[in-house]
Structures are given as C-alpha cells and as structure tokens.
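**Q** Provided herewith: target.pdb, PDB, C-alpha atoms.
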ATOM      1  CA  MET L  10     -50.838  59.451  10.349
ATOM      2  CA  LEU L  11     -50.967  56.329  12.509
ATOM      3  CA  ASP L  12     -47.492  55.593  13.891
ATOM      4  CA  ILE L  13     -48.013  52.105  15.328
ATOM      5  CA  VAL L  14     -50.693  49.662  16.466
ATOM      6  CA  ILE L  15     -49.833  47.846  19.698
ATOM      7  CA  GLU L  16     -51.562  44.555  20.423
ATOM      8  CA  ALA L  17     -52.059  43.841  24.122
ATOM      9  CA  ARG L  18     -50.214  40.738  25.357
ATOM     10  CA  LYS L  19     -51.360  38.375  28.067
ATOM     11  CA  ALA L  20     -49.427  38.525  31.347
ATOM     12  CA  SER L  21     -50.153  36.755  34.629
ATOM     13  CA  LEU L  22     -49.686  38.607  37.930
ATOM     14  CA  ALA L  23     -51.221  35.966  40.209
ATOM     15  CA  PRO L  24     -53.468  32.874  40.028
ATOM     16  CA  GLY L  25     -56.707  34.024  38.419
ATOM     17  CA  MET L  26     -55.253  37.473  37.688
ATOM     18  CA  ASP L  27     -54.349  37.648  34.022
ATOM     19  CA  VAL L  28     -53.932  41.090  32.504
ATOM     20  CA  ARG L  29     -53.634  42.620  29.073
ATOM     21  CA  ARG L  30     -50.241  44.348  28.917
ATOM     22  CA  ILE L  31     -49.997  47.249  26.493
ATOM     23  CA  LEU L  32     -46.860  49.152  27.536
ATOM     24  CA  PRO L  33     -43.920  48.822  27.409
ATOM     25  CA  PHE L  34     -43.773  47.380  23.896
ATOM     26  CA  ARG L  35     -40.557  46.430  22.122
ATOM     27  CA  LEU L  36     -41.186  48.863  19.262
ATOM     28  CA  ARG L  37     -42.743  51.616  21.392
ATOM     29  CA  ARG L  38     -41.615  51.836  24.998
ATOM     30  CA  MET L  39     -43.421  55.058  25.949
ATOM     31  CA  VAL L  40     -46.239  57.375  24.876
ATOM     32  CA  GLY L  41     -45.441  60.784  26.324
ATOM     33  CA  PRO L  42     -44.442  60.070  29.959
ATOM     34  CA  PHE L  43     -46.492  56.830  30.110
ATOM     35  CA  ILE L  44     -44.110  53.875  30.352
ATOM     36  CA  PHE L  45     -46.411  51.069  31.530
ATOM     37  CA  MET L  46     -50.069  50.102  31.057
ATOM     38  CA  ASP L  47     -52.020  47.029  32.175
ATOM     39  CA  HIS L  48     -55.720  46.272  31.776
ATOM     40  CA  ALA L  49     -56.996  43.784  34.363
ATOM     41  CA  GLY L  50     -60.388  42.119  34.336
ATOM     42  CA  PRO L  51     -63.224  41.742  34.396
ATOM     43  CA  VAL L  52     -62.109  39.202  37.014
ATOM     44  CA  MET L  53     -64.326  36.379  38.236
ATOM     45  CA  ILE L  54     -62.983  33.816  40.718
ATOM     46  CA  ALA L  55     -64.329  31.952  43.736
ATOM     47  CA  PRO L  56     -64.432  34.154  46.886
ATOM     48  CA  GLN L  57     -62.156  31.758  48.786
ATOM     49  CA  ALA L  58     -59.440  32.324  46.188
ATOM     50  CA  ALA L  59     -59.433  36.115  46.526
ATOM     51  CA  ALA L  60     -56.357  36.221  48.752
ATOM     52  CA  SER L  61     -54.273  34.518  46.058
ATOM     53  CA  MET L  62     -54.720  37.602  43.852
ATOM     54  CA  ASP L  63     -53.352  40.065  46.398
ATOM     55  CA  VAL L  64     -50.360  42.059  45.208
ATOM     56  CA  LEU L  65     -47.964  41.863  48.173
ATOM     57  CA  PRO L  66     -45.786  44.814  49.257
ATOM     58  CA  HIS L  67     -43.264  45.651  46.535
ATOM     59  CA  PRO L  68     -41.072  48.681  45.706
ATOM     60  CA  HIS L  69     -40.989  51.450  43.103
ATOM     61  CA  ILE L  70     -38.624  54.293  42.234
ATOM     62  CA  GLY L  71     -38.627  57.040  39.606
ATOM     63  CA  LEU L  72     -42.295  56.943  38.617
ATOM     64  CA  SER L  73     -45.895  57.578  39.579
ATOM     65  CA  THR L  74     -48.359  54.695  39.644
ATOM     66  CA  VAL L  75     -51.887  55.553  38.534
ATOM     67  CA  SER L  76     -54.815  53.267  39.418
ATOM     68  CA  TYR L  77     -58.230  53.733  37.799
ATOM     69  CA  LEU L  78     -61.142  51.316  38.182
ATOM     70  CA  PHE L  79     -64.101  50.573  35.914
ATOM     71  CA  GLY L  80     -65.589  48.266  38.579
ATOM     72  CA  GLY L  81     -64.920  46.659  41.967
ATOM     73  CA  GLN L  82     -62.587  47.990  44.643
ATOM     74  CA  VAL L  83     -58.968  47.585  45.767
ATOM     75  CA  THR L  84     -57.255  48.434  49.069
ATOM     76  CA  HIS L  85     -53.928  50.279  48.799
ATOM     77  CA  ARG L  86     -51.370  50.445  51.650
ATOM     78  CA  ASP L  87     -47.942  52.056  51.427
ATOM     79  CA  SER L  88     -44.750  53.004  53.287
ATOM     80  CA  LEU L  89     -46.176  56.414  54.150
ATOM     81  CA  GLY L  90     -48.839  54.746  56.294
ATOM     82  CA  VAL L  91     -51.607  55.457  53.779
ATOM     83  CA  GLU L  92     -54.497  52.994  53.640
ATOM     84  CA  GLN L  93     -56.970  53.809  50.872
ATOM     85  CA  VAL L  94     -59.798  51.884  49.230
ATOM     86  CA  ILE L  95     -60.129  52.933  45.595
ATOM     87  CA  ARG L  96     -63.508  52.667  43.872
ATOM     88  CA  PRO L  97     -64.669  53.244  40.277
ATOM     89  CA  GLY L  98     -64.143  56.749  38.954
ATOM     90  CA  GLU L  99     -61.520  57.637  41.564
ATOM     91  CA  VAL L 100     -57.798  58.077  40.938
ATOM     92  CA  ASN L 101     -55.022  56.734  43.157
ATOM     93  CA  TRP L 102     -51.867  58.642  42.219
ATOM     94  CA  MET L 103     -48.745  57.453  44.053
ATOM     95  CA  THR L 104     -45.432  59.160  43.338
ATOM     96  CA  ALA L 105     -42.579  56.818  44.220
ATOM     97  CA  GLY L 106     -39.752  59.342  43.784
ATOM     98  CA  LYS L 107     -36.667  58.082  45.610
ATOM     99  CA  GLY L 108     -38.460  54.949  46.806
ATOM    100  CA  ILE L 109     -41.706  53.589  48.234
ATOM    101  CA  ALA L 110     -43.324  50.203  48.823
ATOM    102  CA  HIS L 111     -47.031  49.452  48.570
ATOM    103  CA  SER L 112     -49.527  46.626  48.380
ATOM    104  CA  GLU L 113     -52.864  46.154  46.655
ATOM    105  CA  ARG L 114     -55.289  43.724  48.202
ATOM    106  CA  PHE L 115     -58.690  42.519  47.063
ATOM    107  CA  GLU L 116     -60.540  42.484  50.366
ATOM    108  CA  ASP L 117     -64.096  42.462  49.037
ATOM    109  CA  PRO L 118     -64.603  38.922  47.645
ATOM    110  CA  SER L 119     -68.038  39.840  46.296
ATOM    111  CA  THR L 120     -66.508  42.058  43.613
ATOM    112  CA  LEU L 121     -64.441  39.122  42.384
ATOM    113  CA  ALA L 122     -67.215  36.542  42.523
ATOM    114  CA  GLY L 123     -69.514  38.941  40.693
ATOM    115  CA  GLY L 124     -67.006  39.600  37.940
ATOM    116  CA  THR L 125     -67.100  43.350  38.509
ATOM    117  CA  LEU L 126     -63.405  43.974  39.198
ATOM    118  CA  GLU L 127     -61.847  45.774  36.233
ATOM    119  CA  MET L 128     -58.988  48.236  36.399
ATOM    120  CA  ILE L 129     -56.392  50.111  34.395
ATOM    121  CA  GLN L 130     -52.915  50.489  35.861
ATOM    122  CA  THR L 131     -50.381  52.890  34.371
ATOM    123  CA  TRP L 132     -46.944  54.150  35.312
ATOM    124  CA  VAL L 133     -45.925  57.707  34.512
ATOM    125  CA  ALA L 134     -42.163  58.308  34.381
ATOM    126  CA  LEU L 135     -40.895  61.317  36.310
ATOM    127  CA  PRO L 136     -38.761  64.126  34.881
ATOM    128  CA  GLU L 137     -35.109  63.834  35.944
ATOM    129  CA  ARG L 138     -35.509  66.695  38.414
ATOM    130  CA  ASP L 139     -38.241  64.748  40.269
ATOM    131  CA  GLU L 140     -36.831  61.214  40.156
ATOM    132  CA  GLU L 141     -35.430  61.572  43.696
ATOM    133  CA  SER L 142     -38.358  63.514  45.131
ATOM    134  CA  MET L 143     -40.054  62.554  48.379
ATOM    135  CA  PRO L 144     -42.718  59.844  47.959
ATOM    136  CA  ALA L 145     -46.330  61.021  47.988
ATOM    137  CA  PHE L 146     -49.840  59.621  47.651
ATOM    138  CA  ASN L 147     -53.167  61.217  46.719
ATOM    139  CA  ASN L 148     -56.660  59.863  46.170
ATOM    140  CA  TYR L 149     -58.937  61.983  44.003
ATOM    141  CA  LYS L 150     -62.711  61.525  44.134
ATOM    142  CA  PRO L 151     -64.788  61.674  40.929
ATOM    143  CA  ASP L 152     -66.197  65.121  41.747
ATOM    144  CA  ARG L 153     -62.667  66.563  41.434
ATOM    145  CA  LEU L 154     -62.245  65.277  37.877
ATOM    146  CA  PRO L 155     -63.735  67.303  34.994
ATOM    147  CA  VAL L 156     -66.503  65.572  33.039
ATOM    148  CA  PHE L 157     -67.856  66.513  29.614
ATOM    149  CA  SER L 158     -70.805  65.015  27.787
ATOM    150  CA  GLU L 159     -72.814  65.615  24.676
ATOM    151  CA  LYS L 160     -74.966  63.412  22.467
ATOM    152  CA  GLY L 161     -73.298  60.008  22.243
ATOM    153  CA  VAL L 162     -70.096  61.061  24.026
ATOM    154  CA  TRP L 163     -69.052  61.039  27.689
ATOM    155  CA  MET L 164     -65.551  61.713  28.965
ATOM    156  CA  ARG L 165     -63.699  62.193  32.249
ATOM    157  CA  LEU L 166     -60.328  63.963  32.323
ATOM    158  CA  ILE L 167     -58.300  61.871  34.744
ATOM    159  CA  ALA L 168     -55.106  63.936  34.679
ATOM    160  CA  GLY L 169     -53.382  66.735  32.809
ATOM    161  CA  ASN L 170     -55.099  68.980  30.271
ATOM    162  CA  ALA L 171     -57.102  68.240  27.132
ATOM    163  CA  PHE L 172     -60.014  69.652  25.141
ATOM    164  CA  GLY L 173     -59.869  72.915  27.104
ATOM    165  CA  LEU L 174     -60.227  71.122  30.448
ATOM    166  CA  ARG L 175     -57.691  70.771  33.261
ATOM    167  CA  SER L 176     -57.619  68.182  36.033
ATOM    168  CA  ASP L 177     -56.746  68.897  39.693
ATOM    169  CA  VAL L 178     -54.606  65.751  39.806
ATOM    170  CA  LYS L 179     -51.009  66.755  40.537
ATOM    171  CA  THR L 180     -48.656  65.763  37.710
ATOM    172  CA  HIS L 181     -44.955  66.409  37.076
ATOM    173  CA  SER L 182     -44.831  66.983  33.308
ATOM    174  CA  PRO L 183     -47.164  68.013  30.440
ATOM    175  CA  MET L 184     -49.578  65.126  29.786
ATOM    176  CA  PHE L 185     -53.201  64.028  29.411
ATOM    177  CA  TYR L 186     -55.177  60.960  30.473
ATOM    178  CA  VAL L 187     -58.866  60.655  29.544
ATOM    179  CA  HIS L 188     -61.626  58.040  30.014
ATOM    180  CA  VAL L 189     -64.067  58.189  27.080
ATOM    181  CA  VAL L 190     -67.345  56.305  26.534
ATOM    182  CA  LEU L 191     -68.918  56.418  23.057
ATOM    183  CA  ASP L 192     -72.327  55.326  21.841
ATOM    184  CA  LYS L 193     -72.517  53.465  18.543
ATOM    185  CA  ASP L 194     -71.864  55.738  15.540
ATOM    186  CA  SER L 195     -70.735  58.669  17.687
ATOM    187  CA  SER L 196     -67.516  60.487  16.800
ATOM    188  CA  PHE L 197     -64.592  61.807  18.805
ATOM    189  CA  GLY L 198     -61.083  63.188  18.295
ATOM    190  CA  LEU L 199     -57.699  63.493  19.977
ATOM    191  CA  PRO L 200     -56.381  66.583  21.797
ATOM    192  CA  LYS L 201     -54.090  68.550  19.505
ATOM    193  CA  ASP L 202     -51.837  70.255  22.046
ATOM    194  CA  HIS L 203     -49.576  67.292  22.926
ATOM    195  CA  SER L 204     -46.643  65.808  20.990
ATOM    196  CA  GLU L 205     -47.382  62.120  21.618
ATOM    197  CA  ARG L 206     -50.905  60.698  21.717
ATOM    198  CA  GLY L 207     -52.393  57.249  21.989
ATOM    199  CA  ILE L 208     -55.802  55.565  22.145
ATOM    200  CA  TYR L 209     -56.283  52.309  24.039
ATOM    201  CA  ILE L 210     -59.529  50.529  23.138
ATOM    202  CA  ALA L 211     -60.679  49.000  26.421
ATOM    203  CA  LYS L 212     -64.074  47.851  25.105
ATOM    204  CA  GLY L 213     -65.811  47.806  21.752
ATOM    205  CA  SER L 214     -64.341  48.904  18.424
ATOM    206  CA  VAL L 215     -63.759  52.092  16.451
ATOM    207  CA  GLU L 216     -63.265  53.042  12.829
ATOM    208  CA  ILE L 217     -60.497  55.417  11.731
ATOM    209  CA  SER L 218     -59.860  56.273   8.059
ATOM    210  CA  GLY L 219     -62.014  53.350   6.929
ATOM    211  CA  ARG L 220     -60.282  50.722   9.076
ATOM    212  CA  THR L 221     -61.711  49.067  12.191
ATOM    213  CA  TYR L 222     -59.709  48.606  15.397
ATOM    214  CA  SER L 223     -60.895  46.520  18.338
ATOM    215  CA  SER L 224     -60.629  45.949  22.074
ATOM    216  CA  GLY L 225     -57.087  45.285  23.268
ATOM    217  CA  GLN L 226     -55.366  47.512  20.703
ATOM    218  CA  MET L 227     -53.507  50.766  21.307
ATOM    219  CA  LEU L 228     -53.185  53.209  18.417
ATOM    220  CA  VAL L 229     -50.333  55.731  18.572
ATOM    221  CA  PHE L 230     -50.432  58.791  16.301
ATOM    222  CA  ASN L 231     -47.781  61.102  14.906
ATOM    223  CA  LYS L 232     -47.675  64.719  15.972
ATOM    224  CA  GLY L 233     -50.107  67.001  14.143
ATOM    225  CA  VAL L 234     -52.444  64.214  13.006
ATOM    226  CA  ASP L 235     -56.124  64.834  13.794
ATOM    227  CA  PRO L 236     -57.888  61.468  13.391
ATOM    228  CA  ALA L 237     -61.680  61.182  13.290
ATOM    229  CA  ILE L 238     -62.673  58.339  15.632
ATOM    230  CA  GLN L 239     -66.086  56.772  15.042
ATOM    231  CA  ALA L 240     -67.510  54.090  17.330
ATOM    232  CA  SER L 241     -68.564  50.938  15.449
ATOM    233  CA  GLU L 242     -70.396  49.814  18.605
ATOM    234  CA  PRO L 243     -70.662  51.081  22.207
ATOM    235  CA  SER L 244     -67.004  51.573  23.141
ATOM    236  CA  THR L 245     -64.734  52.601  26.022
ATOM    237  CA  LEU L 246     -61.426  54.317  25.247
ATOM    238  CA  MET L 247     -58.466  55.494  27.327
ATOM    239  CA  LEU L 248     -56.675  58.433  25.717
ATOM    240  CA  LEU L 249     -53.161  59.211  26.938
ATOM    241  CA  GLY L 250     -49.944  60.958  26.052
ATOM    242  CA  GLY L 251     -47.984  64.142  26.540
ATOM    243  CA  GLU L 252     -44.455  65.372  26.076
ATOM    244  CA  PRO L 253     -41.563  62.882  25.849
ATOM    245  CA  LEU L 254     -39.096  62.823  28.759
ATOM    246  CA  GLY L 255     -36.137  61.149  27.085
ATOM    247  CA  GLU L 256     -34.669  57.686  27.540
ATOM    248  CA  ARG L 257     -35.761  55.668  30.563
ATOM    249  CA  PHE L 258     -34.484  52.321  31.831
ATOM    250  CA  ILE L 259     -36.907  49.844  33.369
ATOM    251  CA  TRP L 260     -36.315  46.712  35.419
ATOM    252  CA  TRP L 261     -39.034  44.987  37.443
ATOM    253  CA  ASN L 262     -40.810  47.867  39.260
ATOM    254  CA  PHE L 263     -37.984  50.373  38.909
ATOM    255  CA  VAL L 264     -37.741  53.203  36.358
ATOM    256  CA  SER L 265     -34.881  55.680  36.039
ATOM    257  CA  SER L 266     -32.939  57.806  33.592
ATOM    258  CA  ARG L 267     -29.763  56.182  35.021
ATOM    259  CA  ARG L 268     -28.856  52.501  34.885
ATOM    260  CA  GLU L 269     -26.812  52.710  38.077
ATOM    261  CA  ARG L 270     -29.799  54.074  40.003
ATOM    262  CA  ILE L 271     -31.765  50.923  39.233
ATOM    263  CA  GLU L 272     -28.857  48.800  40.457
ATOM    264  CA  GLN L 273     -28.943  50.779  43.700
ATOM    265  CA  ALA L 274     -32.693  50.227  44.009
ATOM    266  CA  LYS L 275     -32.185  46.481  43.629
ATOM    267  CA  ALA L 276     -29.689  46.511  46.491
ATOM    268  CA  ASP L 277     -31.920  48.748  48.632
ATOM    269  CA  TRP L 278     -34.878  46.380  48.332
ATOM    270  CA  LYS L 279     -32.779  43.279  48.888
ATOM    271  CA  GLU L 280     -31.187  44.769  52.020
ATOM    272  CA  GLY L 281     -34.461  46.114  53.451
ATOM    273  CA  ARG L 282     -33.654  49.803  53.035
ATOM    274  CA  ILE L 283     -37.050  50.588  51.461
ATOM    275  CA  GLU L 284     -39.634  50.526  54.232
ATOM    276  CA  LEU L 285     -42.664  48.256  54.055
ATOM    277  CA  PRO L 286     -46.184  49.579  54.687
ATOM    278  CA  PRO L 287     -46.543  49.766  58.504
ATOM    279  CA  THR L 288     -49.967  48.091  58.381
ATOM    280  CA  ASP L 289     -48.927  45.449  55.825
ATOM    281  CA  ASN L 290     -45.390  44.348  56.669
ATOM    282  CA  ARG L 291     -45.641  40.619  57.369
ATOM    283  CA  GLU L 292     -44.861  39.563  53.802
ATOM    284  CA  PHE L 293     -43.439  41.073  50.627
ATOM    285  CA  VAL L 294     -42.358  40.293  47.083
ATOM    286  CA  PRO L 295     -38.649  39.352  47.050
ATOM    287  CA  LEU L 296     -36.276  40.765  44.482
ATOM    288  CA  PRO L 297     -36.462  38.558  41.376
ATOM    289  CA  GLU L 298     -33.420  36.378  40.790
ATOM    290  CA  ASP L 299     -32.387  38.090  37.590
ATOM    291  CA  ARG L 300     -28.854  39.132  36.722
ATOM    292  CA  SER L 301     -29.793  41.216  33.701
ATOM    293  CA  LYS L 302     -29.033  44.901  33.436
ATOM    294  CA  PRO L 303     -31.782  47.539  33.199
ATOM    295  CA  SER L 304     -32.957  47.880  29.614
ATOM    296  CA  GLY L 305     -35.659  49.271  27.434
ATOM    297  CA  GLY L 306     -37.495  45.965  27.274
ATOM    298  CA  PRO L 307     -40.380  44.728  29.404
ATOM    299  CA  PRO L 308     -39.484  44.034  33.057
ATOM    300  CA  PRO L 309     -39.262  40.371  34.104
ATOM    301  CA  GLN L 310     -42.225  40.974  36.395
ATOM    302  CA  ALA L 311     -44.293  44.112  36.728
ATOM    303  CA  LEU L 312     -46.508  44.999  39.634
ATOM    304  CA  SER L 313     -48.170  48.340  40.040
TER     305      SER L 313
END
What does this structure look like when you write it as structure tokens?
**A**
Amino acid sequence: MLDIVIEARKASLAPGMDVRRILPFRLRRMVGPFIFMDHAGPVMIAPQAAASMDVLPHPHIGLSTVSYLFGGQVTHRDSLGVEQVIRPGEVNWMTAGKGIAHSERFEDPSTLAGGTLEMIQTWVALPERDEESMPAFNNYKPDRLPVFSEKGVWMRLIAGNAFGLRSDVKTHSPMFYVHVVLDKDSSFGLPKDHSERGIYIAKGSVEISGRTYSSGQMLVFNKGVDPAIQASEPSTLMLLGGEPLGERFIWWNFVSSRRERIEQAKADWKEGRIELPPTDNREFVPLPEDRSKPSGGPPPQALS
C-alpha cells in the first residue's frame, strides 16, 4: 500500500532560482539511500542575471551528488580539478567521501533566457564503510545508460538495477534511479526487487488505485506492493529507492552516520581545510551562522 505522499515545498537557492524540494521531509527523511531531492526549473530569467544563479564553491561529505538534466546545461568544477559541462540525458555522479568542494555555474545564458534549464538534483548517502572514501567524479553519457521503450512508455535507467536492466554508473549500495516518460493512458509499474521505492511526478499526473496524483508529489510505497501506474496525461516520472542504510544526520551540505563527523566538517570548511576547485577558487559559500546540532530535519541551506 501507499506509505506516504510528499508534497514538494518551495525553496530558494539564488535570485531567480526557486526549486521544488522533495527530500528530506519531516515524516520521511530517506527513500532507500536517497536523502535529498530538488527539482529546479524550467528557469527563465534575463541573460544578464545568469551569474546571480551560480552556485559558488561549497563542501560536501558522506554522500554522492547526482545531477540529471531535462534541459539546458550546467558547468561543474571541483576540488579534484574536474571541469565538466553536463547536458540533458547525462549523469554527473560526484562522490564526496571524506570531503570535496564544487561549484555549478550557468555559463550559457541562452538556456536561461529560453526557459530550457530544468534539472533534478539528488544526494545518495554512502554506506558507513565508504563515508571516508577518497572523493571521485564521473560523467556518464546517455549511450552508457540502458534505455527501454514500448508503446506509450520510454525509460532510462540512470543508476542501479531495475526491470532486469543494470546501469554502468558506479554506486555504493543496492539502489535504482529511473527516468520514465509515459504517453496518456499508458501503464507502468515499480521494480519489485528493492525494499524502499518512490515515484516523483516531475510533469503531468498519474492514477493509482482510482486516485489521481499530480506534478510535484512523491509517492512512497511499502515493501511488496505492486502498484499499477496509469498516466492521466503525458507524464514524466523519476523512480528511485533501494535498501535503507540506517540513520543519517544532515546539516547544510554534510551527511554522516556520526554527529561528531559533521561538527568536524563544519570546522574543516571554516578553517579552509577542504580545498576549493583550482579553476574556481576566488569565491565560495561561507559556513552558515547556525549553532544547531546535526539532526534529521532539513538543512538550513542545501546546495548540491
């Protein structure tokens, strides 16, 4: 049966950059290893204002950030010296491990002025054994991601395994992440081989057990439930989930299984012990002035 319906909340990352925040939610912090999810766009602002949307260098620990675009492009730079433009259908998978800093800049004003920039940002918590791993970054082109289609249904497996398919994207725990596009009246289901499973409706609406759910809602299902999903109109879904990892603490951009590790990360960023991207080191996001302890609630500010 349906466990919970999560309504996306509005959050502002920068002038002109409002997002729909889905995870974390006060009644459901994680779905499998997924601990954070934002849906940004479509964004349309004047080209001269593009720089105000840039996400300046900022740190992460204990997680992987996953960037996936429906439209537009974004330039990623990180402490490892990586500089990568991500385009629709590609996956940027950055594993922070023991600590990394990165930036995301919108350097093609035409994608903003044209209203084509639209992206999904997620964080995947790491198993305890990998929380202090070396940072890493990979960009995966669309031809490396399995695609399946039949009448009225198209899907791309972004990461993990589902529906008999397996992605080449390197992950650290059992999970799945799928982009699905449905024509009106077409039907789809959820993979059965994962304990925790959710559907985020990015566009359109679907009917499940006689009830209609719309864009901006995430539906989380109990283990063993096999819902029949029927598109009420042309719809885009993001399916995600996997195996639970246990309790995680989150504060700002830091995730860990240990409260004290987040306190250390705060000090490391404040004292400059997490390196900035070598090609983007003239400015950065300072540590928020917040004296709260790491908790299970939403971070005071979240940047991916």
**Q** Got a sec to resolve the PyMOL selection byres ((chain L and resi 179) around 9) on this structure and send the residues as a ChimeraX atom specification?
**A** /L:102,147,168-169,176-178,180-181
**Q** Give me the box for stretch 63-77 of chain L as JSON, namely the centre and edge lengths in Å to one decimal of a box along x, y and z that holds every listed atom plus 4 Å on each side.
**A**
{"center_x": -48.4, "center_y": 48.8, "center_z": 43.5, "size_x": 27.6, "size_y": 25.5, "size_z": 19.5}
**Q** What is the atom CA of L:Leu65 to atom CA of L:Phe293 distance in Å?
**A**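 Interatomic distance here is 5.2 Å.
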**Q** Show me the residues around (-41.2, 58.8, 57.3) - criterion: an atom at most 12 Å away, all atoms listed in the file counted - as a list in words.
**A**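 The residues that fall inside the cut-off are Asp87, Ser88, Leu89, Gly90, Val91, Gly108, Ile109, Met143, Pro144, Ala145, Ile283, Glu284, Leu285, Pro286 and Pro287 of chain L.
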**Q** For each of L:Met62, L:Val234, L:Leu174, L:Leu22, take the minimum atom-to-atom distance to L:Pro118, counting only C-alpha atoms, then give the residue where this is smallest.
**A**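 Residue with the minimum atom-to-atom distance to L:Pro118: L:Met62.
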**Q** Output as a tab-separated table one row per residue of stretch 18-133 of chain L within 7 Å of stretch 247-253 of chain L: the closest atom pair and its distance in Å to one decimal place, counting only C-alpha atoms, sorted by chain and residue number ascending.
**A**
residue	atom	partner	partner_atom	distance
L:Val40	CA	L:Gly250	CA	5.3
L:Gly41	CA	L:Gly251	CA	4.2
L:Pro42	CA	L:Pro253	CA	5.8
L:Phe43	CA	L:Gly250	CA	6.7
**Q** Quick one: distance from atom CA of L:Ser224 to atom CA of L:Arg114 in Å, one decimal?
**A**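 Pair atom CA of L:Ser224 / atom CA of L:Arg114 returns 26.8 Å.
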**Q** Have a look at L:Val100, L:Ala211, L:Ile259, L:Val133 and name the one nearest to L:Pro151; count all atoms listed in the file.
**A** L:Val100
**Q** For L:Ala274, which residue out of L:Val28, L:Ala110, L:Leu166, L:Val229 is the nearest one, using all atoms listed in the file?
**A**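 Checking each of L:Val28, L:Ala110, L:Leu166, L:Val229 against L:Ala274, counting all atoms listed in the file, the winner is L:Ala110.
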**Q** Could you work out how far atom CA of L:Arg206 lies from atom CA of L:Trp132, giving the answer in Å with one decimal?
**A**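 Computed distance, atom CA of L:Trp132 to atom CA of L:Arg206, equals 15.6 Å.
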**Q** Identify, on the basis of all atoms listed in the file, every residue whose closest approach to L:Gly81 does not exceed 12 Å; exclude the query and any residue fewer than 6 positions from it along the same chain; express the result as a list in words.
**A**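 What passes the distance filter is Ala49, Gly50, Pro51, Val52, Met53, Val94, Ile95, Arg96, Pro97, Gly98, Glu99, Arg114, Phe115, Glu116, Asp117, Pro118, Ser119, Thr120, Leu121, Ala122, Gly123, Gly124, Thr125, Leu126, Glu127, Met128 and Ile129 of chain L.
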**Q** Would you kindly place N, CA and C atoms on stretch 60-73 of chain L and return the model as a PDB file, keeping the file's coordinate frame?
**A**
ATOM      1  N   ALA L  60     -57.650  35.871  48.160  1.00  0.00           N
ATOM      2  CA  ALA L  60     -56.357  36.221  48.752  1.00  0.00           C
ATOM      3  C   ALA L  60     -55.188  35.895  47.827  1.00  0.00           C
ATOM      4  N   SER L  61     -55.363  34.904  46.951  1.00  0.00           N
ATOM      5  CA  SER L  61     -54.273  34.518  46.058  1.00  0.00           C
ATOM      6  C   SER L  61     -53.979  35.590  45.021  1.00  0.00           C
ATOM      7  N   MET L  62     -54.904  36.528  44.827  1.00  0.00           N
ATOM      8  CA  MET L  62     -54.720  37.602  43.852  1.00  0.00           C
ATOM      9  C   MET L  62     -54.048  38.825  44.443  1.00  0.00           C
ATOM     10  N   ASP L  63     -53.934  38.887  45.769  1.00  0.00           N
ATOM     11  CA  ASP L  63     -53.352  40.065  46.398  1.00  0.00           C
ATOM     12  C   ASP L  63     -51.953  40.356  45.854  1.00  0.00           C
ATOM     13  N   VAL L  64     -51.687  41.626  45.613  1.00  0.00           N
ATOM     14  CA  VAL L  64     -50.360  42.059  45.208  1.00  0.00           C
ATOM     15  C   VAL L  64     -49.621  42.470  46.480  1.00  0.00           C
ATOM     16  N   LEU L  65     -48.663  41.645  46.910  1.00  0.00           N
ATOM     17  CA  LEU L  65     -47.964  41.863  48.173  1.00  0.00           C
ATOM     18  C   LEU L  65     -47.089  43.117  48.106  1.00  0.00           C
ATOM     19  N   PRO L  66     -46.649  43.631  49.264  1.00  0.00           N
ATOM     20  CA  PRO L  66     -45.786  44.814  49.257  1.00  0.00           C
ATOM     21  C   PRO L  66     -44.577  44.640  48.333  1.00  0.00           C
ATOM     22  N   HIS L  67     -44.342  45.655  47.518  1.00  0.00           N
ATOM     23  CA  HIS L  67     -43.264  45.651  46.535  1.00  0.00           C
ATOM     24  C   HIS L  67     -42.830  47.101  46.315  1.00  0.00           C
ATOM     25  N   PRO L  68     -41.625  47.323  45.791  1.00  0.00           N
ATOM     26  CA  PRO L  68     -41.072  48.681  45.706  1.00  0.00           C
ATOM     27  C   PRO L  68     -41.224  49.334  44.336  1.00  0.00           C
ATOM     28  N   HIS L  69     -41.087  50.662  44.337  1.00  0.00           N
ATOM     29  CA  HIS L  69     -40.989  51.450  43.103  1.00  0.00           C
ATOM     30  C   HIS L  69     -40.008  52.593  43.316  1.00  0.00           C
ATOM     31  N   ILE L  70     -39.372  53.035  42.250  1.00  0.00           N
ATOM     32  CA  ILE L  70     -38.624  54.293  42.234  1.00  0.00           C
ATOM     33  C   ILE L  70     -38.871  54.969  40.890  1.00  0.00           C
ATOM     34  N   GLY L  71     -38.717  56.302  40.866  1.00  0.00           N
ATOM     35  CA  GLY L  71     -38.627  57.040  39.606  1.00  0.00           C
ATOM     36  C   GLY L  71     -39.886  57.182  38.794  1.00  0.00           C
ATOM     37  N   LEU L  72     -41.053  56.915  39.392  1.00  0.00           N
ATOM     38  CA  LEU L  72     -42.295  56.943  38.617  1.00  0.00           C
ATOM     39  C   LEU L  72     -43.477  57.277  39.514  1.00  0.00           C
ATOM     40  N   SER L  73     -44.613  57.513  38.879  1.00  0.00           N
ATOM     41  CA  SER L  73     -45.895  57.578  39.579  1.00  0.00           C
ATOM     42  C   SER L  73     -46.756  56.426  39.098  1.00  0.00           C
TER      43      SER L  73
END
